[in-house]
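The file query_0.cif contains mmCIF, C-alpha atoms:
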data_entry
#
loop_
_atom_site.label_atom_id
_atom_site.label_comp_id
_atom_site.auth_asym_id
_atom_site.auth_seq_id
_atom_site.Cartn_x
_atom_site.Cartn_y
_atom_site.Cartn_z
CA MET K 27 1.99 -4.13 -18.42
CA THR K 28 3.02 -2.40 -15.19
CA GLY K 29 -0.40 -0.99 -14.33
CA ILE K 30 1.36 2.33 -13.60
CA PRO K 31 0.93 5.26 -16.01
CA LEU K 32 4.15 6.78 -17.38
CA PRO K 33 4.00 10.20 -15.60
CA LEU K 34 3.63 8.33 -12.31
CA LEU K 35 6.62 6.08 -13.12
CA ARG K 36 8.69 9.13 -14.00
CA LEU K 37 7.75 10.84 -10.72
CA SER K 38 8.60 7.63 -8.82
CA GLU K 39 12.03 7.63 -10.47
CA GLN K 40 12.58 11.22 -9.34
CA PHE K 41 11.79 10.29 -5.73
CA ALA K 42 13.90 7.12 -6.00
CA ALA K 43 16.89 9.26 -7.05
CA LEU K 44 16.86 10.90 -3.61
CA PRO K 45 19.24 9.37 -1.04
CA GLY K 46 17.76 6.61 1.12
CA ILE K 47 14.51 6.36 -0.88
CA GLY K 48 13.98 2.94 -2.45
CA MET K 49 11.70 2.24 -5.41
CA LYS K 50 8.84 1.02 -3.21
CA THR K 51 8.86 4.14 -1.01
CA ALA K 52 9.26 6.29 -4.13
CA GLN K 53 6.10 4.80 -5.63
CA ARG K 54 4.21 5.40 -2.41
CA LEU K 55 5.29 9.06 -2.44
CA ALA K 56 4.36 9.45 -6.12
CA TYR K 57 0.87 8.05 -5.46
CA HIS K 58 0.58 10.47 -2.55
CA VAL K 59 1.31 13.44 -4.84
CA LEU K 60 -1.83 12.55 -6.82
CA THR K 61 -3.92 12.96 -3.68
CA MET K 62 -2.53 16.47 -3.06
CA ASN K 63 -4.45 19.48 -4.30
CA GLU K 64 -3.12 21.94 -6.87
CA GLU K 65 -1.91 24.48 -4.28
CA GLN K 66 -0.01 21.83 -2.36
CA VAL K 67 1.79 20.61 -5.47
CA GLU K 68 2.59 24.20 -6.42
CA ALA K 69 3.95 24.92 -2.91
CA PHE K 70 6.20 21.85 -3.16
CA ARG K 71 7.51 22.86 -6.59
CA GLU K 72 8.05 26.42 -5.42
CA ALA K 73 9.98 25.27 -2.33
CA LEU K 74 12.27 23.15 -4.53
CA LEU K 75 13.00 26.07 -6.83
CA ASP K 76 13.35 28.60 -4.01
CA ALA K 77 15.81 26.51 -2.02
CA HIS K 78 17.85 25.63 -5.09
CA GLN K 79 18.00 29.16 -6.49
CA ASN K 80 18.31 31.25 -3.35
CA ILE K 81 20.70 29.27 -1.19
CA HIS K 82 24.39 29.85 -1.74
CA ASN K 83 27.52 29.33 0.30
CA CYS K 84 28.18 32.05 2.90
CA LYS K 85 31.17 34.02 1.58
CA VAL K 86 33.00 33.56 4.89
CA CYS K 87 32.18 30.15 6.39
CA GLN K 88 30.78 28.39 3.25
CA ALA K 89 27.64 27.27 5.14
CA PHE K 90 24.37 27.37 3.21
CA SER K 91 22.81 30.82 3.39
CA GLU K 92 20.14 32.93 1.76
CA THR K 93 22.26 36.04 2.24
CA GLU K 94 25.85 36.77 1.17
CA LEU K 95 26.91 36.44 4.81
CA CYS K 96 25.12 33.72 6.82
CA GLU K 97 23.24 34.69 9.96
CA ILE K 98 25.87 33.15 12.21
CA CYS K 99 28.81 34.96 10.56
CA ALA K 100 26.78 38.20 10.59
CA ASP K 101 25.97 37.85 14.31
CA GLU K 102 28.22 40.15 16.34
CA GLU K 103 27.25 38.39 19.57
CA ARG K 104 29.03 35.21 18.44
CA ASP K 105 32.64 34.55 19.35
CA HIS K 106 34.48 35.05 16.07
CA SER K 107 37.81 33.95 17.58
CA THR K 108 36.71 30.30 17.71
CA ILE K 109 36.03 28.37 14.50
CA CYS K 110 34.42 24.94 14.45
CA VAL K 111 35.45 23.10 11.25
CA VAL K 112 32.79 20.69 9.95
CA GLU K 113 32.39 18.43 6.94
CA SER K 114 28.99 19.61 5.72
CA PRO K 115 26.37 22.30 6.35
CA LYS K 116 24.11 19.67 7.98
CA ASP K 117 26.58 19.39 10.87
CA ILE K 118 25.99 23.03 11.85
CA ALA K 119 22.33 22.28 12.60
CA ALA K 120 23.44 19.59 15.11
CA PHE K 121 25.71 22.04 16.97
CA GLU K 122 23.10 24.80 16.98
CA ARG K 123 20.49 22.37 18.32
CA MET K 124 22.83 21.54 21.20
CA GLY K 125 22.94 25.28 21.89
CA GLU K 126 26.19 25.40 23.86
CA TYR K 127 28.51 26.53 21.11
CA HIS K 128 28.81 30.26 20.64
CA GLY K 129 31.68 30.48 18.17
CA VAL K 130 31.48 30.42 14.36
CA TYR K 131 31.88 27.65 11.78
CA HIS K 132 33.76 26.70 8.66
CA VAL K 133 32.34 24.13 6.24
CA LEU K 134 34.81 22.04 4.22
CA HIS K 135 32.08 20.54 1.97
CA GLY K 136 33.73 17.14 2.08
CA LEU K 137 36.61 15.20 3.59
CA ILE K 138 39.98 14.23 2.19
CA SER K 139 39.45 10.80 0.65
CA PRO K 140 42.14 9.41 -1.69
CA MET K 141 39.89 6.38 -2.33
CA ASN K 142 37.26 8.65 -3.88
CA GLY K 143 39.82 10.93 -5.49
CA ILE K 144 39.09 13.85 -3.19
CA GLY K 145 42.19 15.81 -2.26
CA PRO K 146 42.64 18.94 -0.12
CA ASP K 147 42.25 21.15 -3.20
CA GLN K 148 38.60 20.14 -3.64
CA LEU K 149 37.70 21.26 -0.11
CA TYR K 150 37.21 24.83 1.13
CA ILE K 151 40.60 24.89 2.86
CA LYS K 152 42.13 27.99 1.28
CA GLU K 153 39.07 29.96 2.40
CA LEU K 154 39.80 28.78 5.97
CA LEU K 155 43.45 29.82 5.65
CA ALA K 156 42.33 33.24 4.40
CA ARG K 157 40.19 33.67 7.53
CA LEU K 158 43.14 32.80 9.77
CA GLN K 159 45.45 35.16 7.88
CA GLN K 160 43.03 38.03 8.53
CA GLY K 161 43.82 37.51 12.23
CA GLY K 162 41.64 37.44 15.34
CA VAL K 163 41.20 33.65 15.37
CA GLU K 164 42.49 31.92 18.50
CA GLU K 165 41.15 28.39 18.29
CA VAL K 166 40.12 26.04 15.51
CA ILE K 167 38.12 22.98 16.66
CA MET K 168 38.19 20.02 14.29
CA CYS K 169 34.63 18.68 14.27
CA THR K 170 34.85 16.27 11.35
CA ASN K 171 33.18 12.87 11.88
CA PRO K 172 35.02 10.28 13.99
CA THR K 173 35.76 8.11 10.93
CA VAL K 174 39.00 7.30 9.11
CA GLU K 175 38.45 10.09 6.59
CA GLY K 176 37.29 12.60 9.22
CA GLU K 177 40.33 11.80 11.30
CA ALA K 178 42.74 12.05 8.35
CA THR K 179 41.28 15.43 7.38
CA ALA K 180 41.56 16.71 10.97
CA ILE K 181 45.22 15.65 11.18
CA TYR K 182 46.03 17.14 7.78
CA LEU K 183 44.43 20.46 8.73
CA SER K 184 46.01 20.60 12.18
CA ARG K 185 49.48 20.28 10.60
CA LEU K 186 48.58 23.02 8.15
CA LEU K 187 47.14 25.40 10.74
CA LYS K 188 49.43 25.04 13.76
CA PRO K 189 52.33 26.96 12.13
CA LEU K 190 49.92 29.92 11.82
CA GLY K 191 49.93 30.27 15.61
CA VAL K 192 46.35 29.12 16.38
CA THR K 193 45.34 26.48 18.90
CA VAL K 194 43.97 23.44 17.03
CA THR K 195 41.72 21.09 19.02
CA ARG K 196 39.64 18.01 18.25
CA LEU K 197 36.22 16.88 19.56
CA ALA K 198 36.69 14.39 22.42
CA TYR K 199 36.24 10.69 21.78
CA GLY K 200 34.44 8.68 24.45
CA VAL K 201 31.39 6.61 25.23
CA PRO K 202 28.11 8.26 24.16
CA VAL K 203 25.93 9.45 27.05
CA GLY K 204 23.09 7.01 27.70
CA SER K 205 24.77 4.16 25.85
CA ASP K 206 25.53 0.69 27.16
CA LEU K 207 29.20 -0.21 27.78
CA GLU K 208 28.40 -3.78 26.80
CA TYR K 209 27.88 -2.62 23.21
CA ALA K 210 30.73 -0.10 23.03
CA ASP K 211 33.42 -1.02 20.48
CA ASP K 212 36.99 -1.60 21.64
CA VAL K 213 38.48 1.49 20.02
CA THR K 214 35.88 3.82 21.55
CA LEU K 215 36.23 2.21 24.95
CA GLY K 216 40.03 2.45 24.71
CA LYS K 217 39.83 6.18 23.87
CA ALA K 218 37.33 6.75 26.68
CA LEU K 219 39.68 5.11 29.18
CA GLN K 220 42.70 7.04 27.85
CA ASN K 221 40.88 10.37 28.10
CA ARG K 222 39.36 9.66 31.55
CA ASN K 223 38.67 12.69 33.73
CA GLU K 224 38.95 13.14 37.48
CA ILE K 225 35.53 13.48 39.12
CA MET R 16 19.48 30.14 15.75
CA THR R 17 18.80 26.92 13.87
CA GLY R 18 21.76 27.15 11.50
CA ILE R 19 19.35 26.30 8.67
CA PRO R 20 18.33 29.00 6.16
CA LEU R 21 14.59 29.58 5.73
CA PRO R 22 14.18 28.26 2.15
CA LEU R 23 15.83 25.03 3.28
CA LEU R 24 13.50 24.76 6.28
CA ARG R 25 10.49 25.33 4.04
CA LEU R 26 11.68 22.62 1.63
CA SER R 27 12.23 20.25 4.58
CA GLU R 28 8.65 20.87 5.69
CA GLN R 29 7.40 20.00 2.22
CA PHE R 30 9.26 16.68 2.31
CA ALA R 31 8.11 16.04 5.90
CA ALA R 32 4.48 16.43 4.75
CA LEU R 33 4.89 13.29 2.60
CA PRO R 34 3.73 10.02 4.20
CA GLY R 35 6.39 8.11 6.14
CA ILE R 36 8.99 10.90 5.91
CA GLY R 37 10.07 12.23 9.32
CA MET R 38 11.69 15.63 9.93
CA LYS R 39 15.22 14.19 10.02
CA THR R 40 14.84 12.38 6.69
CA ALA R 41 13.12 15.46 5.26
CA GLN R 42 16.12 17.63 6.14
CA ARG R 43 18.51 15.12 4.59
CA LEU R 44 16.45 15.20 1.38
CA ALA R 45 16.32 19.02 1.38
CA TYR R 46 20.11 19.22 1.74
CA HIS R 47 20.40 16.75 -1.12
CA VAL R 48 18.34 19.01 -3.40
CA LEU R 49 21.04 21.70 -3.00
CA THR R 50 23.63 19.30 -4.43
CA MET R 51 21.50 18.68 -7.54
CA ASN R 52 22.14 20.69 -10.68
CA GLU R 53 19.59 23.01 -12.26
CA GLU R 54 18.38 20.45 -14.84
CA GLN R 55 17.83 17.83 -12.16
CA VAL R 56 15.73 20.19 -10.04
CA GLU R 57 13.76 21.21 -13.13
CA ALA R 58 13.15 17.56 -14.04
CA PHE R 59 11.87 16.87 -10.53
CA ARG R 60 9.52 19.90 -10.60
CA GLU R 61 8.31 18.96 -14.06
CA ALA R 62 7.61 15.34 -12.99
CA LEU R 63 5.53 16.61 -10.04
CA LEU R 64 3.47 18.88 -12.29
CA ASP R 65 3.15 16.35 -15.10
CA ALA R 66 1.94 13.53 -12.83
CA HIS R 67 -0.47 15.80 -11.00
CA GLN R 68 -1.93 17.44 -14.11
CA ASN R 69 -2.04 14.57 -16.56
CA ILE R 70 -3.16 11.63 -14.46
CA HIS R 71 -6.88 11.14 -14.05
CA ASN R 72 -9.13 8.24 -13.20
CA CYS R 73 -9.83 5.85 -16.08
CA LYS R 74 -13.47 6.44 -17.06
CA VAL R 75 -14.22 2.73 -16.75
CA CYS R 76 -12.16 1.18 -13.93
CA GLN R 77 -11.18 4.39 -12.04
CA ALA R 78 -7.48 3.39 -12.02
CA PHE R 79 -4.94 6.19 -12.56
CA SER R 80 -4.40 6.80 -16.24
CA GLU R 81 -2.90 9.33 -18.62
CA THR R 82 -5.58 8.58 -21.17
CA GLU R 83 -9.38 8.63 -20.86
CA LEU R 84 -9.38 4.82 -20.93
CA CYS R 85 -6.46 3.14 -19.09
CA GLU R 86 -4.19 0.77 -21.01
CA ILE R 87 -5.66 -2.27 -19.27
CA CYS R 88 -9.29 -1.35 -20.04
CA ALA R 89 -8.27 -0.47 -23.61
CA ASP R 90 -6.51 -3.82 -24.12
CA GLU R 91 -8.72 -6.18 -26.13
CA GLU R 92 -6.53 -9.17 -25.24
CA ARG R 93 -7.57 -8.92 -21.58
CA ASP R 94 -10.51 -10.88 -20.26
CA HIS R 95 -13.20 -8.23 -19.75
CA SER R 96 -15.62 -10.73 -18.17
CA THR R 97 -13.57 -10.90 -14.95
CA ILE R 98 -13.24 -7.84 -12.71
CA CYS R 99 -10.80 -7.67 -9.80
CA VAL R 100 -12.08 -5.09 -7.25
CA VAL R 101 -9.27 -3.34 -5.35
CA GLU R 102 -9.05 -0.58 -2.78
CA SER R 103 -6.52 1.68 -4.49
CA PRO R 104 -4.65 2.10 -7.80
CA LYS R 105 -1.42 0.93 -6.06
CA ASP R 106 -2.91 -2.57 -5.71
CA ILE R 107 -3.10 -2.95 -9.49
CA ALA R 108 0.69 -2.69 -9.75
CA ALA R 109 1.03 -5.67 -7.37
CA PHE R 110 -1.29 -7.85 -9.47
CA GLU R 111 0.38 -6.84 -12.74
CA ARG R 112 3.80 -7.64 -11.26
CA MET R 113 2.59 -11.11 -10.40
CA GLY R 114 1.63 -11.42 -14.08
CA GLU R 115 -0.92 -14.22 -13.78
CA TYR R 116 -4.08 -12.16 -13.83
CA HIS R 117 -5.48 -11.43 -17.25
CA GLY R 118 -8.83 -9.88 -16.38
CA VAL R 119 -9.58 -6.20 -15.72
CA TYR R 120 -9.85 -4.12 -12.56
CA HIS R 121 -12.14 -1.79 -10.64
CA VAL R 122 -10.72 0.67 -8.12
CA LEU R 123 -12.96 1.67 -5.20
CA HIS R 124 -10.58 4.45 -4.03
CA GLY R 125 -11.15 3.53 -0.39
CA LEU R 126 -12.93 1.08 1.87
CA ILE R 127 -16.16 1.35 3.83
CA SER R 128 -15.11 2.65 7.24
CA PRO R 129 -17.82 3.96 9.56
CA MET R 130 -15.09 4.92 12.08
CA ASN R 131 -13.64 7.39 9.55
CA GLY R 132 -17.06 8.42 8.26
CA ILE R 133 -16.58 6.71 4.89
CA GLY R 134 -19.76 5.11 3.59
CA PRO R 135 -20.48 3.25 0.33
CA ASP R 136 -21.49 6.54 -1.35
CA GLN R 137 -17.93 7.89 -1.17
CA LEU R 138 -16.52 4.89 -3.04
CA TYR R 139 -16.72 4.20 -6.78
CA ILE R 140 -19.44 1.59 -6.33
CA LYS R 141 -22.11 2.95 -8.66
CA GLU R 142 -19.52 2.96 -11.46
CA LEU R 143 -18.98 -0.77 -10.77
CA LEU R 144 -22.74 -1.39 -10.85
CA ALA R 145 -22.93 0.45 -14.16
CA ARG R 146 -20.27 -1.88 -15.63
CA LEU R 147 -22.21 -4.94 -14.49
CA GLN R 148 -25.47 -3.57 -15.86
CA GLN R 149 -23.84 -3.23 -19.32
CA GLY R 150 -23.49 -7.03 -19.24
CA GLY R 151 -20.68 -9.37 -20.24
CA VAL R 152 -19.25 -9.65 -16.73
CA GLU R 153 -19.18 -13.16 -15.29
CA GLU R 154 -17.03 -12.93 -12.19
CA VAL R 155 -16.14 -10.21 -9.70
CA ILE R 156 -13.15 -11.05 -7.46
CA MET R 157 -13.01 -9.10 -4.19
CA CYS R 158 -9.34 -8.19 -3.74
CA THR R 159 -9.62 -5.71 -0.90
CA ASN R 160 -7.02 -6.08 1.89
CA PRO R 161 -7.49 -8.89 4.44
CA THR R 162 -8.38 -6.37 7.19
CA VAL R 163 -11.61 -5.63 9.04
CA GLU R 164 -12.49 -2.81 6.66
CA GLY R 165 -11.42 -4.74 3.57
CA GLU R 166 -13.51 -7.67 4.69
CA ALA R 167 -16.56 -5.53 5.49
CA THR R 168 -16.38 -3.84 2.09
CA ALA R 169 -16.07 -7.22 0.34
CA ILE R 170 -19.12 -8.57 2.16
CA TYR R 171 -21.16 -5.41 1.51
CA LEU R 172 -20.32 -5.54 -2.21
CA SER R 173 -20.97 -9.27 -2.56
CA ARG R 174 -24.48 -8.79 -1.16
CA LEU R 175 -25.03 -5.93 -3.59
CA LEU R 176 -23.67 -7.77 -6.64
CA LYS R 177 -24.95 -11.32 -6.26
CA PRO R 178 -28.56 -10.40 -7.15
CA LEU R 179 -27.21 -9.13 -10.49
CA GLY R 180 -26.34 -12.70 -11.46
CA VAL R 181 -22.54 -12.54 -11.36
CA THR R 182 -20.23 -14.90 -9.48
CA VAL R 183 -18.62 -13.04 -6.59
CA THR R 184 -15.39 -14.53 -5.21
CA ARG R 185 -12.80 -13.51 -2.61
CA LEU R 186 -8.99 -13.88 -2.55
CA ALA R 187 -8.02 -16.99 -0.55
CA TYR R 188 -6.74 -16.63 3.00
CA GLY R 189 -3.83 -18.84 4.02
CA VAL R 190 -0.22 -18.92 5.14
CA PRO R 191 2.09 -16.79 2.95
CA VAL R 192 4.50 -18.79 0.79
CA GLY R 193 7.99 -18.89 2.32
CA SER R 194 6.75 -17.85 5.75
CA ASP R 195 7.36 -19.68 9.03
CA LEU R 196 4.36 -21.39 10.65
CA GLU R 197 5.84 -20.57 14.07
CA TYR R 198 5.10 -16.90 13.45
CA ALA R 199 1.70 -17.30 11.75
CA ASP R 200 -1.17 -15.74 13.72
CA ASP R 201 -4.02 -17.94 14.93
CA VAL R 202 -6.67 -16.52 12.62
CA THR R 203 -4.54 -16.99 9.50
CA LEU R 204 -3.55 -20.49 10.55
CA GLY R 205 -7.22 -21.34 11.25
CA LYS R 206 -8.27 -20.12 7.79
CA ALA R 207 -5.40 -22.03 6.16
CA LEU R 208 -6.51 -25.23 7.87
CA GLN R 209 -10.16 -24.67 6.96
CA ASN R 210 -9.31 -24.05 3.30
CA ARG R 211 -6.87 -26.96 3.02
CA ASN R 212 -6.51 -28.58 -0.40
CA GLU R 213 -5.93 -32.18 -1.41
CA ILE R 214 -2.44 -32.74 -2.82
#

Structure translated into structure tokens:
Amino acid sequence: MTGIPLPLLRLSEQFAALPGIGMKTAQRLAYHVLTMNEEQVEAFREALLDAHQNIHNCKVCQAFSETELCEICADEERDHSTICVVESPKDIAAFERMGEYHGVYHVLHGLISPMNGIGPDQLYIKELLARLQQGGVEEVIMCTNPTVEGEATAIYLSRLLKPLGVTVTRLAYGVPVGSDLEYADDVTLGKALQNRNEI
Amino acid sequence: MTGIPLPLLRLSEQFAALPGIGMKTAQRLAYHVLTMNEEQVEAFREALLDAHQNIHNCKVCQAFSETELCEICADEERDHSTICVVESPKDIAAFERMGEYHGVYHVLHGLISPMNGIGPDQLYIKELLARLQQGGVEEVIMCTNPTVEGEATAIYLSRLLKPLGVTVTRLAYGVPVGSDLEYADDVTLGKALQNRNEI
């Protein structure tokens, strides 16, 4: 006997299927749901449905959006000649939080990863090419993660895009602000030294 | 601009309202929901509704149950003369996992806590008294947490129950199995020494 009624086990399994939620946390969340009132449960269920049904990819940049064109692509104040290429829609939130980027974005929805069988065709690359072919784009900044796959994707794309006459740049590598050099890895420290700036 | 569409923000807030889920984790979960297919989202919503609507307190022990009488109370093989009193339904799962307890339970749904304005009247104590008055109960084991409030509740209940002619016991304090004495706190170590057993 588990001492846990079936509907509660099933709800725990649903929570445990979410990324980063283990079975113990999932059970705690499921027990919490029983302490919520009817309106709260209904609001949760409604939010799940609403987000899943009403969020689509922006037809231009492929970011998540409620509208056909996302609010950034629709904003005429933004610099549409600069495109920041990111792996996933989550990354956009990080750049917008920083608040110093005024260009637009393009979301690949993944990285090239032969190990996981993901090739360039599964990413939103032809949509990026279509944007460049429409003209008006001067710079494409590769903002994929500083990992092997992020790097490989950035190099692949830069080779593809350069012949189209746009400047292709990459986020700078270096030591993170506020970090301790003692704990910096060799590769990062090497890149930081290589890319040193005059002060 | 946040770069996050409104339905996604609302879903993040729902996740963030769960215990132990911060805003960053909540956003990660909300983004994950968008990668789920329609059936998966529907199964999640259904599990929320099902658990919330169909789980009630067992009419005898007050544990969560789908049925009027929980499976433990309904089980004639269990020893109904021994009642383990716990703070919350979650605690039952821990005892059942251990697998060496064959009696039944009683869930208080809280602890006496004057600081938080919770008195004996807000707990399921009169339901416990009613069970004892029906007779057949020989031992009540206080299994509330080894905290100030758990201890206070256990003492309050033992004073209330002893006049009814039942044996009232308490879970043993001691050093946890597999732990390191170096890190044991003084109070625990003191109790372990006091309650030492001949080997």

Evaluating the PyMOL selection byres ((chain R and resi 101) around 10) on the displayed file yields which residues, as a PDB file with C-alpha atoms, in the coordinates of the input?
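Heads up, here's the output in result-v7.pdb:
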ATOM      1  CA  ALA R  78      -7.480   3.390 -12.020  1.00  0.00           C
ATOM      2  CA  ILE R  98     -13.240  -7.840 -12.710  1.00  0.00           C
ATOM      3  CA  CYS R  99     -10.800  -7.670  -9.800  1.00  0.00           C
ATOM      4  CA  VAL R 100     -12.080  -5.090  -7.250  1.00  0.00           C
ATOM      5  CA  GLU R 102      -9.050  -0.580  -2.780  1.00  0.00           C
ATOM      6  CA  SER R 103      -6.520   1.680  -4.490  1.00  0.00           C
ATOM      7  CA  PRO R 104      -4.650   2.100  -7.800  1.00  0.00           C
ATOM      8  CA  LYS R 105      -1.420   0.930  -6.060  1.00  0.00           C
ATOM      9  CA  ASP R 106      -2.910  -2.570  -5.710  1.00  0.00           C
ATOM     10  CA  ILE R 107      -3.100  -2.950  -9.490  1.00  0.00           C
ATOM     11  CA  TYR R 120      -9.850  -4.120 -12.560  1.00  0.00           C
ATOM     12  CA  HIS R 121     -12.140  -1.790 -10.640  1.00  0.00           C
ATOM     13  CA  VAL R 122     -10.720   0.670  -8.120  1.00  0.00           C
ATOM     14  CA  LEU R 123     -12.960   1.670  -5.200  1.00  0.00           C
ATOM     15  CA  HIS R 124     -10.580   4.450  -4.030  1.00  0.00           C
ATOM     16  CA  GLY R 125     -11.150   3.530  -0.390  1.00  0.00           C
ATOM     17  CA  LEU R 126     -12.930   1.080   1.870  1.00  0.00           C
ATOM     18  CA  ILE R 156     -13.150 -11.050  -7.460  1.00  0.00           C
ATOM     19  CA  MET R 157     -13.010  -9.100  -4.190  1.00  0.00           C
ATOM     20  CA  CYS R 158      -9.340  -8.190  -3.740  1.00  0.00           C
ATOM     21  CA  THR R 159      -9.620  -5.710  -0.900  1.00  0.00           C
ATOM     22  CA  ASN R 160      -7.020  -6.080   1.890  1.00  0.00           C
ATOM     23  CA  GLY R 165     -11.420  -4.740   3.570  1.00  0.00           C
ATOM     24  CA  ALA R 169     -16.070  -7.220   0.340  1.00  0.00           C
TER      25      ALA R 169
END

Note to self: For a quick check of your reading of the model, name the residues lying within 12 Å of the coordinate (0.7, 10.6, -2.7), counting only C-alpha atoms, and write them as a PyMOL selection string.
What the structure shows: (chain K and resi 34+37-38+41+51-63+66-67) or (chain R and resi 30+32-36+63+66-67+103-105)

Decode the PyMOL selection byres ((chain R and resi 86-95) around 6) for the given file into explicit residues and return them as a CSV table (one decimal) with C-alpha atoms, in the coordinates of the input.
chain,number,residue,atom,x,y,z
R,85,CYS,CA,-6.5,3.1,-19.1
R,96,SER,CA,-15.6,-10.7,-18.2
R,97,THR,CA,-13.6,-10.9,-15.0
R,117,HIS,CA,-5.5,-11.4,-17.2
R,118,GLY,CA,-8.8,-9.9,-16.4
R,119,VAL,CA,-9.6,-6.2,-15.7

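Going from CA of Glu166 in chain R to CA of Ala207 in chain R covers 16.6 Å.
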
Next item on the list: Name the residues that the PyMOL selection byres ((chain R and resi 179) around 10) picks from the file above, as a PyMOL selection string, using the file's chain letters and numbers.
Entry: chain R and resi 144+147-148+150+174-178+180-182

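Of the listed residues (K:Glu164, K:Glu65, K:Glu153, K:Glu122), K:Glu122 comes nearest to chain R; the distances count only C-alpha atoms.
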
Could you give me the axis-aligned bounding box of range 98-116 of chain R, with 4 Å of padding per side, as centre plus edge lengths in Å to one decimal, as JSON?
{"center_x": -4.7, "center_y": -6.1, "center_z": -8.4, "size_x": 25.0, "size_y": 24.3, "size_z": 19.3}

Can I get range 104-109 of chain K with all heavy atoms filled in, as a compact mmCIF listing (two decimals), keeping the file's coordinate frame?
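What follows is the written file result_7.txt:
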# COMPACT_ATOMS: atom_id res chain seq x y z
N ARG K 104 28.28 36.47 18.46
CA ARG K 104 29.03 35.21 18.44
C ARG K 104 30.51 35.48 18.62
O ARG K 104 31.03 36.54 18.28
CB ARG K 104 28.81 34.47 17.10
CG ARG K 104 27.38 34.25 16.67
CD ARG K 104 26.68 33.09 17.30
NE ARG K 104 27.28 31.79 17.10
CZ ARG K 104 26.55 30.68 17.00
NH1 ARG K 104 25.23 30.72 17.03
NH2 ARG K 104 27.15 29.52 16.88
N ASP K 105 31.20 34.47 19.12
CA ASP K 105 32.64 34.55 19.35
C ASP K 105 33.38 34.23 18.06
O ASP K 105 33.52 33.06 17.69
CB ASP K 105 32.99 33.55 20.47
CG ASP K 105 34.49 33.40 20.63
OD1 ASP K 105 35.24 34.22 20.05
OD2 ASP K 105 34.91 32.46 21.33
N HIS K 106 33.84 35.26 17.37
CA HIS K 106 34.48 35.05 16.07
C HIS K 106 35.93 34.59 16.18
O HIS K 106 36.61 34.42 15.16
CB HIS K 106 34.37 36.32 15.21
CG HIS K 106 32.98 36.57 14.72
ND1 HIS K 106 32.58 36.28 13.44
CD2 HIS K 106 31.88 37.04 15.36
CE1 HIS K 106 31.29 36.57 13.31
NE2 HIS K 106 30.84 37.04 14.45
N SER K 107 36.42 34.39 17.43
CA SER K 107 37.81 33.95 17.58
C SER K 107 37.89 32.42 17.63
O SER K 107 38.97 31.85 17.67
CB SER K 107 38.43 34.56 18.84
OG SER K 107 37.85 33.97 19.99
N THR K 108 36.73 31.76 17.67
CA THR K 108 36.71 30.30 17.71
C THR K 108 35.98 29.76 16.48
O THR K 108 34.83 30.14 16.22
CB THR K 108 35.98 29.80 18.98
OG1 THR K 108 36.56 30.44 20.11
CG2 THR K 108 36.11 28.29 19.13
N ILE K 109 36.64 28.92 15.71
CA ILE K 109 36.03 28.37 14.50
C ILE K 109 35.90 26.84 14.63
O ILE K 109 36.86 26.16 14.93
CB ILE K 109 36.88 28.69 13.24
CG1 ILE K 109 36.96 30.20 13.03
CG2 ILE K 109 36.28 28.01 12.01
CD1 ILE K 109 37.81 30.60 11.83
